[in-house]
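Structure file query_24.cif (mmCIF, C-alpha atoms) is printed below.
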data_input
#
loop_
_atom_site.label_atom_id
_atom_site.label_comp_id
_atom_site.auth_asym_id
_atom_site.auth_seq_id
_atom_site.Cartn_x
_atom_site.Cartn_y
_atom_site.Cartn_z
CA ALA D 1 12.50 -1.86 -4.85
CA PHE D 2 9.40 -0.28 -3.34
CA VAL D 3 10.48 -0.32 0.30
CA ALA D 4 13.36 1.29 2.12
CA THR D 5 15.08 -1.19 4.41
CA ILE D 6 16.13 0.14 7.79
CA ARG D 7 18.62 -1.40 10.12
CA PRO D 8 17.62 -0.23 13.60
CA GLN D 9 20.15 0.07 16.35
CA THR D 10 20.37 -3.03 18.49
CA GLN D 11 18.39 -1.66 21.41
CA MET D 12 15.46 -0.49 19.29
CA HIS D 13 15.44 -3.77 17.37
CA GLN D 14 15.25 -5.79 20.59
CA VAL D 15 12.35 -3.76 21.93
CA PHE D 16 10.48 -3.91 18.64
CA ALA D 17 11.04 -7.66 18.25
CA TYR D 18 9.81 -8.21 21.78
CA ALA D 19 6.76 -6.04 21.18
CA SER D 20 5.99 -7.79 17.90
CA LYS D 21 5.77 -11.13 19.67
CA THR D 22 4.13 -10.25 22.96
CA GLY D 23 2.22 -7.01 22.47
CA GLU D 24 4.23 -4.99 24.95
CA ALA D 25 7.47 -3.04 24.90
CA ASP D 26 9.33 -3.33 28.19
CA GLY D 27 12.12 -5.62 27.04
CA ILE D 28 14.78 -3.66 28.94
CA ASN D 29 12.98 -3.25 32.26
CA VAL D 30 11.39 0.09 31.37
CA SER D 31 7.67 -0.37 30.85
CA VAL D 32 5.73 1.63 28.27
CA SER D 33 2.68 -0.62 28.32
CA SER D 34 0.52 2.29 29.57
CA PRO D 35 0.92 5.76 28.02
CA PRO D 36 1.94 8.57 30.36
CA ALA D 37 -0.67 11.25 30.82
CA ASP D 38 1.41 14.03 29.33
CA VAL D 39 2.70 13.99 25.75
CA ASN D 40 6.14 15.33 26.69
CA GLU D 41 6.45 12.79 29.49
CA ARG D 42 5.51 10.02 27.06
CA ARG D 43 8.15 11.09 24.56
CA HIS D 44 10.71 11.33 27.39
CA VAL D 45 9.95 7.72 28.33
CA LEU D 46 10.25 6.65 24.71
CA GLN D 47 13.58 8.42 24.31
CA SER D 48 14.88 6.66 27.37
CA ILE D 49 14.04 3.30 25.80
CA VAL D 50 14.95 3.59 22.13
CA THR D 51 17.21 5.72 20.01
CA PRO D 52 15.55 5.77 16.60
CA ALA D 53 17.52 4.99 13.47
CA ALA D 54 17.80 7.61 10.73
CA ALA D 55 14.24 7.41 9.50
CA SER D 56 11.42 9.81 8.72
CA ILE D 57 8.96 8.22 11.13
CA PRO D 58 8.15 9.09 14.77
CA PHE D 59 9.10 7.00 17.76
CA LEU D 60 7.66 3.53 18.00
CA PHE D 61 5.08 3.24 20.75
CA ILE D 62 3.20 -0.01 21.28
CA ASN D 63 0.56 -0.56 23.90
CA LYS D 64 -0.65 -4.03 24.76
CA ARG D 65 -4.16 -2.86 25.62
CA SER D 66 -7.03 -3.70 23.32
CA SER D 67 -10.59 -2.46 23.20
CA ALA D 68 -11.67 -5.68 24.87
CA LEU D 69 -9.50 -4.87 27.88
CA ALA D 70 -9.95 -1.12 28.15
CA ALA D 71 -13.06 0.10 26.38
CA PRO D 72 -13.41 3.89 26.13
CA GLU D 73 -16.25 5.64 27.93
CA GLU D 74 -19.58 5.81 26.11
CA CYS D 75 -19.60 8.75 23.70
CA ASP D 76 -21.64 9.11 20.52
CA ILE D 77 -20.45 10.77 17.31
CA LEU D 78 -21.52 14.31 18.37
CA CYS D 79 -19.81 13.85 21.72
CA ARG D 80 -16.61 12.66 19.99
CA GLN D 81 -16.64 15.58 17.54
CA LYS D 82 -17.07 18.13 20.34
CA ARG D 83 -14.36 16.48 22.42
CA TYR D 84 -11.84 16.64 19.60
CA ASP D 85 -12.83 20.20 18.60
CA ASN D 86 -12.20 21.32 22.18
CA TYR D 87 -8.77 19.75 21.99
CA MET D 88 -8.01 21.42 18.64
CA ASP D 89 -8.99 24.82 20.10
CA SER D 90 -6.46 24.43 22.88
CA GLN D 91 -3.79 22.28 21.22
CA TYR D 92 -1.12 24.97 21.53
CA ASP D 93 -1.44 25.22 25.31
CA GLU D 94 1.71 24.03 27.01
CA GLY D 95 1.30 20.61 28.54
CA ASN D 96 -2.05 20.01 26.88
CA ASN D 97 -3.05 16.35 26.83
CA LEU D 98 -4.29 14.59 23.76
CA PRO D 99 -8.05 13.87 23.67
CA PRO D 100 -9.24 10.37 24.61
CA ALA D 101 -9.00 7.83 21.83
CA GLN D 102 -9.40 4.10 21.40
CA PRO D 103 -6.57 1.94 22.80
CA ILE D 104 -3.82 0.70 20.52
CA PRO D 105 -4.58 -2.88 19.36
CA ALA D 106 -2.69 -5.66 21.06
CA VAL D 107 0.19 -6.92 18.91
CA THR D 108 -0.83 -10.52 18.21
CA ASN D 109 1.19 -11.13 15.03
CA LYS D 110 4.75 -10.43 13.96
CA ILE D 111 5.09 -7.05 12.21
CA THR D 112 7.40 -7.15 9.20
CA TYR D 113 6.71 -3.75 7.60
CA VAL D 114 5.92 -0.35 9.08
CA VAL D 115 3.87 2.09 6.98
CA GLN D 116 3.34 5.77 7.61
CA MET D 117 0.68 7.68 5.67
CA ILE D 118 0.72 11.48 5.87
CA ILE D 119 -2.87 12.65 5.44
CA ASP D 120 -4.21 16.13 4.71
CA ILE D 121 -7.66 17.27 5.84
CA GLY D 122 -9.03 19.94 3.52
CA ALA D 123 -7.67 21.53 0.36
CA LYS D 124 -4.66 23.20 1.96
CA ARG D 125 -1.53 21.20 2.61
CA ASP D 126 -0.54 22.55 6.01
CA ASN D 127 0.70 20.77 9.08
CA ILE D 128 -2.10 22.16 11.27
CA ASN D 129 -4.73 20.10 9.45
CA ALA D 130 -2.49 17.15 8.65
CA GLY D 131 -1.63 14.04 10.58
CA TYR D 132 -0.28 10.56 10.15
CA LEU D 133 -1.44 6.98 10.48
CA ARG D 134 1.35 4.61 11.29
CA PHE D 135 0.67 0.90 11.08
CA GLY D 136 2.46 -2.42 10.90
CA LEU D 137 1.76 -5.22 8.41
CA TYR D 138 1.80 -8.97 9.06
CA GLY D 139 4.08 -10.04 6.20
CA ASP D 140 4.77 -13.51 7.61
CA ASP D 141 1.13 -14.43 8.25
CA ALA D 142 -0.43 -12.98 5.08
CA PRO D 143 2.48 -12.57 2.62
CA MET D 144 0.49 -12.26 -0.62
CA SER D 145 -2.03 -9.82 0.86
CA VAL D 146 0.74 -7.69 2.37
CA LYS D 147 2.70 -7.73 -0.91
CA GLN D 148 -0.38 -6.52 -2.78
CA MET D 149 -0.96 -3.83 -0.14
CA LEU D 150 2.64 -2.64 -0.43
CA PHE D 151 2.33 -2.31 -4.19
CA PHE D 152 -0.93 -0.39 -3.81
CA LEU D 153 0.62 1.95 -1.24
CA THR D 154 3.76 2.67 -3.26
CA LYS D 155 4.52 1.88 -6.91
CA GLY D 156 0.94 0.86 -7.73
CA ILE D 157 -0.93 -2.20 -8.98
CA THR D 158 -0.72 -3.01 -12.70
CA SER D 159 -3.14 -5.80 -13.59
CA MET D 160 -3.53 -5.05 -17.30
CA ASP D 161 -2.76 -8.11 -19.44
CA GLN D 162 -0.50 -8.07 -22.49
CA GLU D 163 -3.38 -8.96 -24.82
CA THR D 164 -5.19 -5.74 -23.92
CA LEU D 165 -2.10 -3.72 -24.74
CA GLU D 166 -1.55 -5.46 -28.07
CA ASP D 167 -5.17 -5.03 -29.20
CA ARG D 168 -4.93 -1.24 -29.08
CA LEU D 169 -2.63 0.91 -31.22
CA GLU D 170 -2.47 3.63 -28.60
CA VAL D 171 -3.02 2.79 -24.97
CA GLU D 172 -2.67 5.10 -22.01
CA TYR D 173 -2.73 3.67 -18.51
CA MET D 174 -1.26 4.17 -15.07
CA PRO D 175 -0.72 1.86 -12.10
CA VAL D 176 -3.39 2.45 -9.46
CA SER D 177 -1.88 3.47 -6.13
CA MET D 178 -2.61 5.25 -2.88
CA SER D 179 -0.61 8.26 -4.08
CA ASN D 180 -3.83 9.18 -5.89
CA GLY D 181 -6.09 7.99 -3.08
CA SER D 182 -8.17 9.45 -0.29
CA ALA D 183 -10.66 8.54 2.42
CA GLN D 184 -13.84 7.54 0.59
CA THR D 185 -16.25 6.76 3.41
CA ILE D 186 -16.23 7.62 7.10
CA SER D 187 -18.46 5.47 9.30
CA PRO D 188 -18.07 6.42 12.99
CA GLY D 189 -18.13 3.33 15.13
CA THR D 190 -17.35 1.18 12.08
CA GLY D 191 -14.34 2.26 10.06
CA ILE D 192 -12.74 4.49 7.45
CA VAL D 193 -12.52 3.24 3.87
CA PHE D 194 -9.56 4.37 1.74
CA GLY D 195 -9.22 4.02 -2.01
CA VAL D 196 -8.94 5.64 -5.44
CA PRO D 197 -12.41 6.89 -6.45
CA SER D 198 -11.68 7.15 -10.19
CA GLN D 199 -8.67 5.87 -12.08
CA SER D 200 -9.37 8.12 -15.06
CA LYS D 201 -9.59 11.26 -12.92
CA ALA D 202 -6.40 10.26 -11.10
CA TYR D 203 -4.64 9.80 -14.45
CA ALA D 204 -5.86 13.17 -15.77
CA GLU D 205 -4.77 14.95 -12.59
CA ASN D 206 -1.38 13.26 -12.70
CA LYS D 207 -0.83 14.35 -16.32
CA GLY D 208 -2.29 17.83 -15.89
CA LEU D 209 -5.20 17.10 -18.25
CA ARG D 210 -8.90 17.93 -18.05
CA THR D 211 -9.89 14.35 -18.89
CA ALA D 212 -8.06 11.08 -19.34
CA GLY D 213 -9.04 10.84 -23.01
CA PRO D 214 -10.41 7.97 -25.12
CA ASN D 215 -7.17 5.95 -25.08
CA PHE D 216 -7.04 5.59 -21.31
CA ILE D 217 -7.72 2.09 -19.97
CA PRO D 218 -8.20 1.55 -16.19
CA GLN D 219 -6.58 -1.32 -14.34
CA ASN D 220 -8.69 -4.42 -13.81
CA LYS D 221 -8.96 -6.44 -10.61
CA PRO D 222 -5.68 -8.18 -9.74
CA VAL D 223 -5.36 -11.92 -10.31
CA PRO D 224 -5.02 -14.46 -8.86
CA THR D 225 -7.42 -13.84 -6.00
CA LEU D 226 -6.29 -14.37 -2.40
CA GLU D 227 -9.09 -16.44 -0.80
CA GLY D 228 -6.68 -19.26 0.04
CA GLU D 229 -4.48 -17.15 2.29
CA LYS D 230 -4.83 -17.46 6.06
CA PHE D 231 -6.66 -14.94 8.24
CA PRO D 232 -4.17 -13.69 10.87
CA ARG D 233 -6.68 -12.31 13.41
CA PRO D 234 -10.36 -11.32 13.74
CA HIS D 235 -11.72 -7.78 13.42
CA SER D 236 -11.90 -7.49 17.20
CA CYS D 237 -11.02 -3.85 17.92
CA ALA D 238 -10.35 -0.39 16.49
CA GLY D 239 -7.11 0.32 14.64
CA LEU D 240 -6.91 -2.80 12.44
CA ILE D 241 -6.02 -2.73 8.72
CA SER D 242 -8.40 -4.83 6.63
CA ILE D 243 -8.64 -5.69 2.94
CA PRO D 244 -11.18 -7.79 1.00
CA SER D 245 -10.37 -11.49 1.34
CA ARG D 246 -10.15 -11.85 -2.45
CA GLY D 247 -7.74 -8.94 -2.64
CA ILE D 248 -7.68 -5.18 -3.17
CA GLY D 249 -10.16 -4.18 -5.86
CA TYR D 250 -12.80 -6.77 -4.97
CA ASP D 251 -14.86 -4.73 -2.50
CA SER D 252 -16.37 -1.98 -4.64
CA SER D 253 -20.12 -2.04 -5.26
CA SER D 254 -19.62 -0.10 -8.50
CA SER D 255 -19.97 -1.92 -11.82
CA SER D 256 -17.55 0.54 -13.44
CA LEU D 257 -14.01 -0.73 -13.98
CA ASP D 258 -12.82 2.82 -13.38
CA GLU D 259 -14.05 2.72 -9.77
CA ILE D 260 -13.19 -0.78 -8.57
CA TYR D 261 -10.37 0.47 -6.34
CA SER D 262 -12.58 2.99 -4.53
CA SER D 263 -12.85 0.64 -1.51
CA ALA D 264 -9.30 -0.66 -1.30
CA PHE D 265 -8.82 -1.09 2.44
CA THR D 266 -10.47 -0.24 5.74
CA ILE D 267 -9.12 0.92 9.08
CA THR D 268 -11.53 -0.20 11.79
CA ASP D 269 -13.00 2.26 14.30
CA ALA D 270 -14.57 -0.47 16.43
CA PRO D 271 -14.85 -4.26 16.53
CA LEU D 272 -16.39 -5.46 13.25
CA PRO D 273 -17.26 -9.16 13.64
CA GLU D 274 -19.47 -8.99 10.53
CA LEU D 275 -16.29 -8.77 8.42
CA ASP D 276 -15.24 -12.17 9.77
CA LYS D 277 -18.36 -13.79 8.32
CA PRO D 278 -18.88 -15.16 4.78
CA SER D 279 -20.82 -13.07 2.30
CA ALA D 280 -24.57 -13.43 2.83
CA THR D 281 -25.21 -12.99 -0.90
CA LYS D 282 -23.34 -16.11 -1.96
CA LYS D 283 -24.75 -19.61 -1.99
CA SER D 284 -23.31 -22.14 0.47
CA ALA D 285 -22.05 -19.37 2.74
CA GLN D 286 -20.76 -21.95 5.22
CA GLN D 287 -18.09 -22.94 2.71
CA GLN D 288 -17.09 -19.39 1.86
CA PRO D 289 -14.20 -17.55 3.55
CA PRO D 290 -14.76 -14.35 5.55
CA THR D 291 -15.37 -11.26 3.46
CA HIS D 292 -12.30 -9.42 4.77
CA ARG D 293 -8.82 -10.17 6.11
CA VAL D 294 -6.90 -8.26 8.79
CA ILE D 295 -3.33 -7.75 7.55
CA GLY D 296 -2.02 -5.18 10.01
CA GLN D 297 -2.65 -2.74 12.83
CA ILE D 298 -1.94 0.77 14.05
CA ILE D 299 1.09 0.75 16.35
CA ASP D 300 1.28 4.09 18.15
CA ASN D 301 -0.92 6.32 20.25
CA GLU D 302 -0.60 9.40 18.05
CA SER D 303 -1.99 7.43 15.10
CA MET D 304 -4.95 6.33 17.20
CA GLN D 305 -5.52 10.00 18.09
CA PHE D 306 -5.55 10.94 14.40
CA LEU D 307 -7.85 8.00 13.63
CA GLU D 308 -10.22 9.51 16.20
CA ARG D 309 -9.97 12.83 14.38
CA LEU D 310 -10.80 11.23 11.01
CA ALA D 311 -13.65 9.20 12.45
CA THR D 312 -15.31 12.33 13.86
CA LEU D 313 -15.11 14.49 10.71
CA PRO D 314 -18.44 15.77 9.32
CA VAL D 315 -19.71 13.68 6.41
CA GLN D 316 -21.90 14.26 3.38
CA LYS D 317 -25.38 12.79 3.77
CA LYS D 318 -27.65 11.84 0.92
CA LEU D 319 -31.14 13.33 0.90
CA GLY D 320 -33.73 11.05 2.43
CA LYS D 321 -31.14 8.81 4.08
CA GLY D 322 -30.25 8.88 7.74
CA GLY D 323 -27.18 7.66 9.52
CA SER D 324 -23.80 9.25 10.18
CA SER D 325 -21.80 7.54 7.40
CA GLY D 326 -20.72 9.03 4.11
CA PRO D 327 -17.89 10.77 2.24
CA PRO D 328 -16.11 13.43 4.32
CA LEU D 329 -17.25 17.02 3.77
CA LEU D 330 -13.61 18.10 3.63
CA LYS D 331 -11.40 16.11 1.31
CA VAL D 332 -9.17 13.69 3.21
CA ARG D 333 -6.26 12.95 0.93
CA VAL D 334 -3.04 10.96 1.30
CA ARG D 335 -0.07 13.27 0.82
CA ASP D 336 2.75 10.76 1.19
CA VAL D 337 3.42 7.14 2.06
CA ASP D 338 6.60 5.78 3.61
CA VAL D 339 7.26 2.05 3.95
CA GLN D 340 10.07 0.53 5.95
CA LYS D 341 10.98 -3.09 6.41
CA VAL D 342 11.66 -4.38 9.92
CA LYS D 343 14.83 -6.40 10.14
#

As C-alpha cells - that is how I would like this structure written.
Amino acid sequence: AFVATIRPQTQMHQVFAYASKTGEADGINVSVSSPPADVNERRHVLQSIVTPAAASIPFLFINKRSSALAAPEECDILCRQKRYDNYMDSQYDEGNNLPPAQPIPAVTNKITYVVQMIIDIGAKRDNINAGYLRFGLYGDDAPMSVKQMLFFLTKGITSMDQETLEDRLEVEYMPVSMSNGSAQTISPGTGIVFGVPSQSKAYAENKGLRTAGPNFIPQNKPVPTLEGEKFPRPHSCAGLISIPSRGIGYDSSSSSLDEIYSSAFTITDAPLPELDKPSATKKSAQQQPPTHRVIGQIIDNESMQFLERLATLPVQKKLGKGGSSGPPLLKVRVRDVDVQKVK
C-alpha cells in the first residue's frame, strides 16, 4: 500500500468532514474561518478545536476565503520578494506575524487524501530553508487522476510494457516518482511546475552512478489517458493542484522520452483560466477537453505562506528573453512526501 490510513479522533473527523463539504471549519461553534493575526494565537485556536491524531503533519487549518472574495493588495514580483525577505530577516522575533500571502482556496470538493511535501530550498537540507506544502486531493471527483498522482508522489509510475522488457537481455529501469523531483519552473503570478527533469539522471543518482548506462530505459507516458474524467473545479485562484487533462507525463514540450515527466503537475499562484480552455494547437478545439484538470488544493495557511516564498524565489533567465519565469536559481527539491487517507 502506498498510503498510510489514519483514523482521526471523532472531533477532528467531524470538523474535517464539515470543512470538506462547506469550505469552513466551525462545526463545533468555534469559528476558524478567518486566521488570527498572530501565529501563536492561531495555533491556540486550532488546539481548542481539534486534537490531532498520531500523524507527522501539522494541524489542519481550512479557510473558506478564496482569491475572488479577498484579493491581496497589488504587489509585483519585486515587492513580494522584498516583503518575504523582510519577514525572513525577522522571523525569530517573538510574536512576529507571517508575511501576507494569498488566501486559502475555498473547499468546493470532498477531500479524500491529504499530502504533505517537505521541500528544501538550496543544497543544504536544513529546517531554516525548508518548508512544506500541504494539500488535499479530490479522490471522489477525479479518482483516476488522483490515483495516478498518488503513485507519482510515492511508489512511482511504471508504464513500461512487458514487450519492451522481453526484447532486451539486460534492462535497467526505475519507476518515476516525486522522490526524485523538484520545482522545474517558477512563474510568479502564474504557478510553480514540479516534475522529474531527467529520468536517467535520477536513476544514476539513486544508484550512486555517474551515468545511467546504455541499458537504462526511461518510463513512457502512462496509458490509458484520462481525458474522459470529469473536471472538479476551474483554475479560479491560487493554491490549486493541477495536472494535464490526459494525465501526468503529457505536458512536457520536450521530445525526449527521458524528460516527459519534467512538467508533472502545477500549483497555481493566481487564477489561470487559460488552463480551462482546449489546446489552441489542436483542430476542432471546441470538441477538445481543457488542457488541465484541478485535482486538489492547498488546505492550510502555512502552506500558502510557503507557496508565496517559492513563487518569489529568484529565477534563471535566458539571454535575450525577458519575463520573470524560469528555473529557480537555488535548487528547490522535494525531500519527503507523506500521504494520508481521510476516513

Could you state the separation of CA of Gly131 in chain D and CA of Met304 in chain D in Å, given to one decimal place?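 Spanning CA of Gly131 in chain D to CA of Met304 in chain D is a straight-line distance of 10.7 Å.
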
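Residues in contact with Asn215 in chain D at 8 Å, where all atoms listed in the file are counted and same-chain residues fewer than 4 positions away are skipped, are listed as Glu170, Val171 and Glu172 of chain D.
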
Take the PyMOL selection byres ((chain D and resi 214) around 12), apply it to the structure above, and return the hits as a list in words.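 With the shown file as input, the PyMOL selection byres ((chain D and resi 214) around 12) matches Arg168, Glu170, Val171, Glu172, Tyr173, Ser200, Ala204, Thr211, Ala212, Gly213, Asn215, Phe216, Ile217 and Pro218 of chain D.
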
Do you have the CA of Ala264 in chain D-CA of Arg210 in chain D distance handy? 25.0 Å

Can you tell me which residues surround Gly249 in chain D at a distance of at most 7 Å, considering all atoms listed in the file, apart from same-chain residues fewer than 3 positions away, and format the answer as a ChimeraX atom specification? /D:221,252,260-261,264

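Here CA of Lys230 in chain D and CA of Ala142 in chain D stand 6.4 Å from one another.
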
From the options D:Ser303, D:Ala311, D:Ser182, D:Val332, which residue's atoms come nearest to Tyr132 in chain D, counting all atoms listed in the file? D:Ser303
